[in-house]
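Colleague: So I've got this file, input11.txt, and it contains compact mmCIF, C-alpha atoms:
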```
# COMPACT_ATOMS: atom_id res chain seq x y z
CA LEU H 17 41.68 -18.02 46.59
CA SER H 18 38.15 -18.33 45.31
CA ALA H 19 35.94 -15.24 45.06
CA GLU H 20 34.26 -16.18 48.35
CA GLY H 21 37.62 -16.79 50.01
CA ARG H 22 38.97 -13.42 48.88
CA ARG H 23 35.93 -11.64 50.25
CA GLU H 24 36.12 -13.43 53.62
CA THR H 25 39.81 -12.56 53.90
CA ALA H 26 39.12 -8.92 53.07
CA LEU H 27 36.35 -8.73 55.71
CA ARG H 28 38.68 -10.22 58.29
CA LEU H 29 41.52 -7.77 57.51
CA ALA H 30 39.43 -4.63 56.97
CA PRO H 31 39.00 -3.64 60.67
CA LYS H 32 42.75 -3.98 61.28
CA LEU H 33 43.64 -1.99 58.17
CA ARG H 34 41.14 0.71 58.99
CA GLY H 35 42.52 0.99 62.52
CA ARG H 36 46.12 1.25 61.30
CA LEU H 37 45.33 3.72 58.51
CA GLY H 38 42.67 5.81 60.16
CA GLY H 39 43.93 6.52 63.66
CA SER H 40 41.93 9.54 64.76
CA THR H 41 40.67 10.14 61.22
CA ARG H 42 37.75 8.28 59.72
CA VAL H 43 38.58 6.33 56.57
CA VAL H 44 36.59 4.27 54.11
CA LEU H 45 38.02 1.07 52.63
CA THR H 46 36.90 -0.34 49.33
CA PHE H 47 37.36 -3.90 48.08
CA ASP H 48 37.86 -4.68 44.41
CA ASP H 49 38.74 -8.13 43.05
CA SER H 50 37.61 -7.57 39.50
CA PRO H 51 39.49 -9.48 36.75
CA ARG H 52 41.37 -6.32 35.75
CA VAL H 53 42.68 -5.77 39.29
CA LEU H 54 43.62 -9.44 39.75
CA ALA H 55 45.50 -9.43 36.43
CA PHE H 56 47.40 -6.34 37.50
CA VAL H 57 48.54 -7.59 40.91
CA SER H 58 49.43 -11.01 39.46
CA ALA H 59 51.47 -9.62 36.57
CA SER H 60 55.21 -10.24 36.28
CA GLU H 61 55.77 -6.45 36.50
CA ALA H 62 54.25 -6.31 39.99
CA ALA H 63 57.68 -6.77 41.61
CA ALA H 64 59.05 -3.80 39.68
CA PHE H 65 56.04 -1.63 40.55
CA SER H 66 56.51 -2.45 44.24
CA GLN H 67 59.91 -0.76 44.08
CA VAL H 68 58.64 2.61 42.87
CA GLY H 69 55.63 3.44 45.02
CA PRO H 70 51.85 3.00 45.20
CA ALA H 71 50.23 1.74 42.00
CA THR H 72 46.75 1.07 40.62
CA PRO H 73 45.62 -0.34 37.27
CA ASP H 74 44.95 3.21 36.05
CA HIS H 75 48.10 5.02 37.13
CA THR H 76 51.35 4.75 39.04
CA ILE H 77 52.38 7.29 41.66
CA TYR H 78 56.15 7.51 41.41
CA THR H 79 57.94 8.51 44.57
CA ARG H 80 61.36 10.14 44.38
CA ARG H 81 63.50 7.17 43.47
CA LEU H 82 67.21 6.77 44.04
CA PRO H 83 68.74 4.93 41.05
CA CYS H 84 71.88 3.03 42.08
CA TYR H 85 74.36 1.60 39.56
CA VAL H 86 76.64 -1.23 40.74
CA ALA H 87 79.72 -2.02 38.64
CA THR H 88 81.25 -5.48 38.86
CA ASP H 89 83.91 -7.53 37.10
CA GLY H 90 83.90 -10.57 39.37
CA SER H 91 86.97 -9.46 41.32
CA ARG H 92 87.23 -9.66 45.09
CA ASP H 93 86.78 -5.91 45.51
CA SER H 94 83.76 -5.76 43.21
CA LYS H 95 82.17 -8.60 45.20
CA ALA H 96 82.75 -6.52 48.32
CA ALA H 97 80.98 -3.62 46.59
CA VAL H 98 77.99 -5.84 45.82
CA ALA H 99 77.83 -7.15 49.40
CA THR H 100 78.05 -3.63 50.84
CA THR H 101 75.34 -2.43 48.45
CA LEU H 102 73.04 -5.22 49.67
CA HIS H 103 73.20 -4.04 53.29
CA PHE H 104 73.67 -0.30 52.74
CA PRO H 105 70.95 1.91 54.34
CA TRP H 106 69.31 2.89 51.05
CA PRO H 107 65.80 4.39 51.14
CA PRO H 108 62.91 2.06 50.25
CA GLU H 109 62.42 3.59 46.80
CA THR H 110 65.94 2.70 45.62
CA ARG H 111 66.32 0.98 42.25
CA VAL H 112 69.45 -1.04 41.51
CA ARG H 113 71.09 -2.01 38.22
CA VAL H 114 74.26 -4.04 37.68
CA ILE H 115 76.79 -3.46 34.92
CA SER H 116 79.90 -5.29 33.81
CA ALA H 117 81.95 -3.40 31.22
CA ARG H 118 84.74 -4.92 29.13
CA ARG H 119 86.21 -3.94 25.77
CA THR H 120 88.19 -6.01 23.31
CA GLY H 121 90.06 -4.84 20.24
CA ALA H 122 89.00 -5.83 16.74
CA GLU H 123 91.73 -8.49 16.58
CA TYR H 124 90.11 -10.32 19.50
CA ARG H 125 86.57 -10.31 18.17
CA ARG H 126 86.54 -13.99 17.18
CA SER H 127 89.14 -15.33 19.57
CA ILE H 128 89.24 -17.50 22.64
CA LEU H 129 89.95 -14.34 24.64
CA LEU H 130 86.62 -12.81 23.69
CA THR H 131 84.81 -15.98 24.71
CA ALA H 132 86.60 -15.94 28.07
CA LEU H 133 85.70 -12.28 28.59
CA ASP H 134 82.06 -12.90 27.74
CA ARG H 135 81.84 -15.81 30.15
CA SER H 136 83.59 -13.85 32.89
CA ALA H 137 81.31 -10.84 32.43
CA GLU H 138 78.18 -13.00 32.35
CA ALA H 139 79.23 -14.83 35.51
CA ALA H 140 80.01 -11.56 37.30
CA THR H 141 76.66 -9.95 36.46
CA THR H 142 74.71 -13.15 37.20
CA ASN H 143 76.31 -13.55 40.62
CA ALA H 144 75.80 -9.86 41.47
CA ARG H 145 72.17 -9.95 40.34
CA ARG H 146 71.53 -13.12 42.36
CA THR H 147 72.97 -11.49 45.49
CA LEU H 148 71.14 -8.18 45.11
CA SER H 149 67.81 -9.82 44.22
CA ARG H 150 67.51 -10.85 47.86
CA ARG H 151 66.64 -7.21 48.54
CA TRP H 152 65.53 -5.97 45.10
CA PRO H 153 63.66 -8.72 43.21
CA ALA H 154 63.45 -6.54 40.11
CA VAL H 155 67.20 -5.85 39.86
CA GLU H 156 68.48 -5.76 36.27
CA SER H 157 71.92 -6.29 34.78
CA GLU H 158 73.77 -5.62 31.55
CA ILE H 159 77.14 -6.14 29.88
CA ALA H 160 78.64 -3.15 28.06
CA ASP H 161 81.18 -3.72 25.29
CA LYS H 162 83.16 -0.64 26.29
CA ARG H 163 86.21 0.22 28.32
CA PRO H 164 85.32 -0.05 32.03
CA ILE H 165 85.37 3.67 32.89
CA GLU H 166 83.62 4.68 29.68
CA GLY H 167 81.03 1.93 30.02
CA ILE H 168 80.24 2.58 33.68
CA LEU H 169 79.91 6.36 33.25
CA GLY H 170 77.96 6.15 30.01
CA GLU H 171 75.43 3.62 31.24
CA ALA H 172 75.08 5.42 34.58
CA ARG H 173 74.13 8.61 32.72
CA ARG H 174 71.64 6.71 30.61
CA PHE H 175 70.19 5.10 33.74
CA GLN H 176 70.13 8.58 35.38
CA ALA H 177 71.92 7.12 38.37
CA ASP H 178 72.11 9.07 41.61
CA VAL H 179 74.84 6.77 42.93
CA ILE H 180 77.52 4.57 41.35
CA VAL H 181 79.03 1.78 43.46
CA VAL H 182 82.46 0.40 42.52
CA GLY H 183 85.15 -1.67 44.16
CA TRP H 184 88.47 -0.17 45.21
CA ARG H 185 90.34 -2.01 42.49
CA GLY H 186 88.81 -3.53 39.37
CA HIS H 187 91.10 -6.34 38.32
CA GLY H 188 89.13 -9.27 37.00
CA ALA H 189 90.03 -12.41 35.08
CA VAL H 190 91.98 -10.61 32.36
CA ARG H 191 94.24 -8.12 34.16
CA ARG H 192 95.86 -6.73 31.03
CA LEU H 193 92.57 -5.36 29.69
CA LEU H 194 91.43 -3.92 33.02
CA MET H 195 94.66 -2.36 34.29
CA GLY H 196 94.46 1.13 35.72
CA SER H 197 92.40 2.67 38.47
CA VAL H 198 88.82 2.25 37.35
CA SER H 199 87.49 3.61 40.61
CA ARG H 200 89.61 6.76 40.30
CA GLY H 201 88.44 7.31 36.73
CA VAL H 202 84.80 6.86 37.71
CA VAL H 203 85.13 9.30 40.63
CA ARG H 204 86.74 11.93 38.39
CA GLY H 205 84.27 11.57 35.54
CA ALA H 206 80.98 10.99 37.36
CA THR H 207 78.35 13.69 37.67
CA CYS H 208 76.64 11.85 40.55
CA ALA H 209 77.74 10.42 43.89
CA VAL H 210 80.24 7.53 43.81
CA LEU H 211 80.59 4.97 46.60
CA VAL H 212 84.03 3.31 46.47
CA VAL H 213 84.12 0.13 48.56
CA ARG H 214 87.39 -1.21 49.96
CA ARG H 215 85.92 -4.12 51.92
CA SER H 216 82.51 -5.63 52.57
CA GLN H 217 80.82 -4.09 55.59
CA ARG H 218 77.51 -3.01 57.07
CA VAL H 219 77.73 0.77 57.22
CA ARG H 220 76.54 2.31 60.49
CA ALA H 221 78.84 5.32 60.89
CA MET H 222 79.50 8.00 58.27
CA VAL H 223 81.78 11.03 58.11
CA VAL H 224 80.72 13.81 55.74
CA GLY H 225 83.27 16.46 54.84
CA VAL H 226 81.77 19.86 54.04
CA ASP H 227 83.37 23.00 52.67
CA GLY H 228 80.39 25.04 51.53
CA SER H 229 80.66 23.82 47.94
CA ASP H 230 77.76 22.55 45.85
CA ALA H 231 79.28 19.07 45.90
CA ALA H 232 79.34 19.06 49.71
CA LYS H 233 75.72 20.20 49.80
CA ARG H 234 74.75 17.36 47.46
CA ALA H 235 76.58 14.91 49.73
CA LEU H 236 74.53 16.10 52.70
CA VAL H 237 71.31 15.76 50.71
CA LEU H 238 72.22 12.20 49.72
CA VAL H 239 73.06 11.19 53.29
CA GLY H 240 69.80 12.78 54.44
CA ARG H 241 67.86 10.47 52.12
CA LEU H 242 69.32 7.31 53.67
CA VAL H 243 67.49 5.23 56.27
CA PRO H 244 69.44 5.42 59.57
CA PRO H 245 70.40 1.91 60.74
CA ARG H 246 70.06 0.95 64.38
CA GLY H 247 72.89 2.60 66.28
CA GLY H 248 73.90 4.59 63.20
CA ARG H 249 75.52 8.00 63.39
CA VAL H 250 76.72 10.72 61.03
CA THR H 251 79.62 13.07 61.78
CA VAL H 252 79.95 16.27 59.76
CA VAL H 253 83.52 17.58 59.47
CA SER H 254 84.72 20.90 58.11
CA ALA H 255 88.48 21.43 57.79
CA VAL H 256 89.77 24.99 58.13
CA GLU H 257 93.18 26.01 56.82
CA LEU H 258 94.53 28.45 59.40
CA LEU H 259 96.98 31.21 58.55
CA THR H 260 100.38 31.31 60.24
CA PRO H 261 101.54 34.71 61.53
CA PRO H 262 105.09 35.81 60.65
CA SER H 263 107.89 35.95 63.17
CA ARG H 264 107.56 39.22 65.10
CA GLY H 265 111.26 39.98 65.10
CA ARG H 266 111.74 39.99 61.33
CA ILE H 267 108.93 42.03 59.77
CA PRO H 268 107.92 45.59 60.67
CA GLY H 269 104.37 45.67 62.01
CA ALA H 270 104.46 41.94 62.75
CA ALA H 271 102.31 42.41 65.87
CA THR H 272 99.55 44.07 63.80
CA ILE H 273 99.75 41.31 61.22
CA ALA H 274 99.54 38.67 63.94
CA ARG H 275 96.37 40.23 65.34
CA GLU H 276 94.81 40.30 61.85
CA VAL H 277 95.77 36.68 61.27
CA LYS H 278 94.17 35.69 64.55
CA ARG H 279 91.00 37.58 63.62
CA LEU H 280 90.82 35.87 60.22
CA ASN H 281 91.42 32.44 61.74
CA THR H 282 88.64 33.00 64.26
CA SER H 283 86.30 34.16 61.51
CA ARG H 284 87.08 31.08 59.39
CA ALA H 285 86.52 28.73 62.31
CA ARG H 286 83.15 30.29 63.11
CA ALA H 287 82.06 30.12 59.46
CA ALA H 288 83.02 26.43 59.28
CA ALA H 289 81.02 25.67 62.43
CA LYS H 290 77.78 27.06 60.97
```
Any chance you could put this one into structure tokens?
Modeller:
Amino acid sequence: LSAEGRRETALRLAPKLRGRLGGSTRVVLTFDDSPRVLAFVSASEAAAFSQVGPATPDHTIYTRRLPCYVATDGSRDSKAAVATTLHFPWPPETRVRVISARRTGAEYRRSILLTALDRSAEAATTNARRTLSRRWPAVESEIADKRPIEGILGEARRFQADVIVVGWRGHGAVRRLLMGSVSRGVVRGATCAVLVVRRSQRVRAMVVGVDGSDAAKRALVLVGRLVPPRGGRVTVVSAVELLTPPSRGRIPGAATIAREVKRLNTSRARAAAK
């Protein structure tokens, strides 16, 4: 728009913006279309800034972001993980990064196998980035020349990920190099939450298991940060291991022991319900 067109548009929108922002409180709107402001909002980094919170040419106000790391190798299960990530109820401030990790031995460095691995990894990350960019235009991707578990965990730590998303099984084009349970290794070695996807789905119902541990508390905090989908629900479950009283006819004082067992079981059940 020309300078005159920008000003006319601003005058037309100002009353609506003031009404939406002000409510019962008086607000003052300012209009600035100086060259510095126009350069800022037209910059290629504008899409990335829109993912992290309000921004001005002088400073950026970073909201509490939720970095999400999506691992892919092009397999069916990793594609399901990407599709589920796209529709998962993440908060608006979520950032997403895609990684494909593969490692070849020194004897394969200049072989046809390495070329095939490179092409497979590039195709996997490109397809995942293309899918996820429908929701996060600034999504990034990378290929790590490391073993899958090592590469995913290492890059997630560097990215300071709050969540890692992986497929149930990670068997890509070259099964021999990717054998083993990658998802199990990531779950065991991760210091953040891990979402293991078995099939593509739009998540609307969640079950959170709690046992009073720090990990369970972190799980509740993570779920609390999500945006509830329409019709969504969360069920919190706490499993209590109940004691079994001994047979009364075999142990002296069995009746007393049975009463104590009942008391302990009741106490455990009440504690789990809190």
Colleague: Please measure the separation of atom CA of H:Thr251 and atom CA of H:Val224, giving the value in Å to one decimal.
Modeller: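 Straight-line distance from atom CA of H:Thr251 to atom CA of H:Val224 works out to 6.2 Å.
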Colleague: Could you please determine the separation between atom CA of H:Ala177 and atom CA of H:Arg220 in Å, to one decimal place?
Modeller: 23.1 Å
Colleague: Please measure the separation of atom CA of H:Ile159 and atom CA of H:Lys95, giving the value in Å to one decimal.
Modeller: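 Separation between atom CA of H:Ile159 and atom CA of H:Lys95: 16.3 Å.
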Colleague: Residues proximal to (83.4, -12.4, 36.4) were defined as those with any atom within 6 Å of that point in the file's coordinates, counting all atoms listed in the file. Which are they, as a ChimeraX atom specification?
Modeller: /H:89-90,136-137,139-140
Colleague: Would you save the residues from that selection as an mmCIF file, keeping the file's coordinate frame, using C-alpha atoms?
Modeller:
```cif
data_model
loop_
_atom_site.group_PDB
_atom_site.id
_atom_site.type_symbol
_atom_site.label_atom_id
_atom_site.label_comp_id
_atom_site.auth_asym_id
_atom_site.auth_seq_id
_atom_site.Cartn_x
_atom_site.Cartn_y
_atom_site.Cartn_z
ATOM 1 C CA ASP H 89 83.910 -7.530 37.100
ATOM 2 C CA GLY H 90 83.900 -10.570 39.370
ATOM 3 C CA SER H 136 83.590 -13.850 32.890
ATOM 4 C CA ALA H 137 81.310 -10.840 32.430
ATOM 5 C CA ALA H 139 79.230 -14.830 35.510
ATOM 6 C CA ALA H 140 80.010 -11.560 37.300
#
```
Colleague: Neighbours of H:Asp93 within 9 Å (all atoms listed in the file; same-chain residues fewer than 4 positions away dropped), as JSON, numbers by chain?
Modeller: {"H": [88, 97, 98, 182, 183, 184, 185, 186, 187, 213, 214, 215, 216]}
Colleague: Identify which of the residues H:Glu20, H:Asp227, H:Glu156, H:Asp48 lies closest to H:Phe175, counting all atoms listed in the file when measuring atom-to-atom distances.
Modeller: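 Closest candidate: H:Glu156.
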Colleague: Hey, what's within 6 Å of H:Val181 if we count only C-alpha atoms and toss same-chain stuff fewer than 4 positions away? As an MDAnalysis selection string, please?
Modeller: chainID H and resid 86 210:211
Colleague: Take the residues from that selection and put them in a file with C-alpha atoms, as an mmCIF file, in the frame of the given file.
Modeller:
```cif
data_model
loop_
_atom_site.group_PDB
_atom_site.id
_atom_site.type_symbol
_atom_site.label_atom_id
_atom_site.label_comp_id
_atom_site.auth_asym_id
_atom_site.auth_seq_id
_atom_site.Cartn_x
_atom_site.Cartn_y
_atom_site.Cartn_z
ATOM 1 C CA VAL H 86 76.640 -1.230 40.740
ATOM 2 C CA VAL H 210 80.240 7.530 43.810
ATOM 3 C CA LEU H 211 80.590 4.970 46.600
#
```
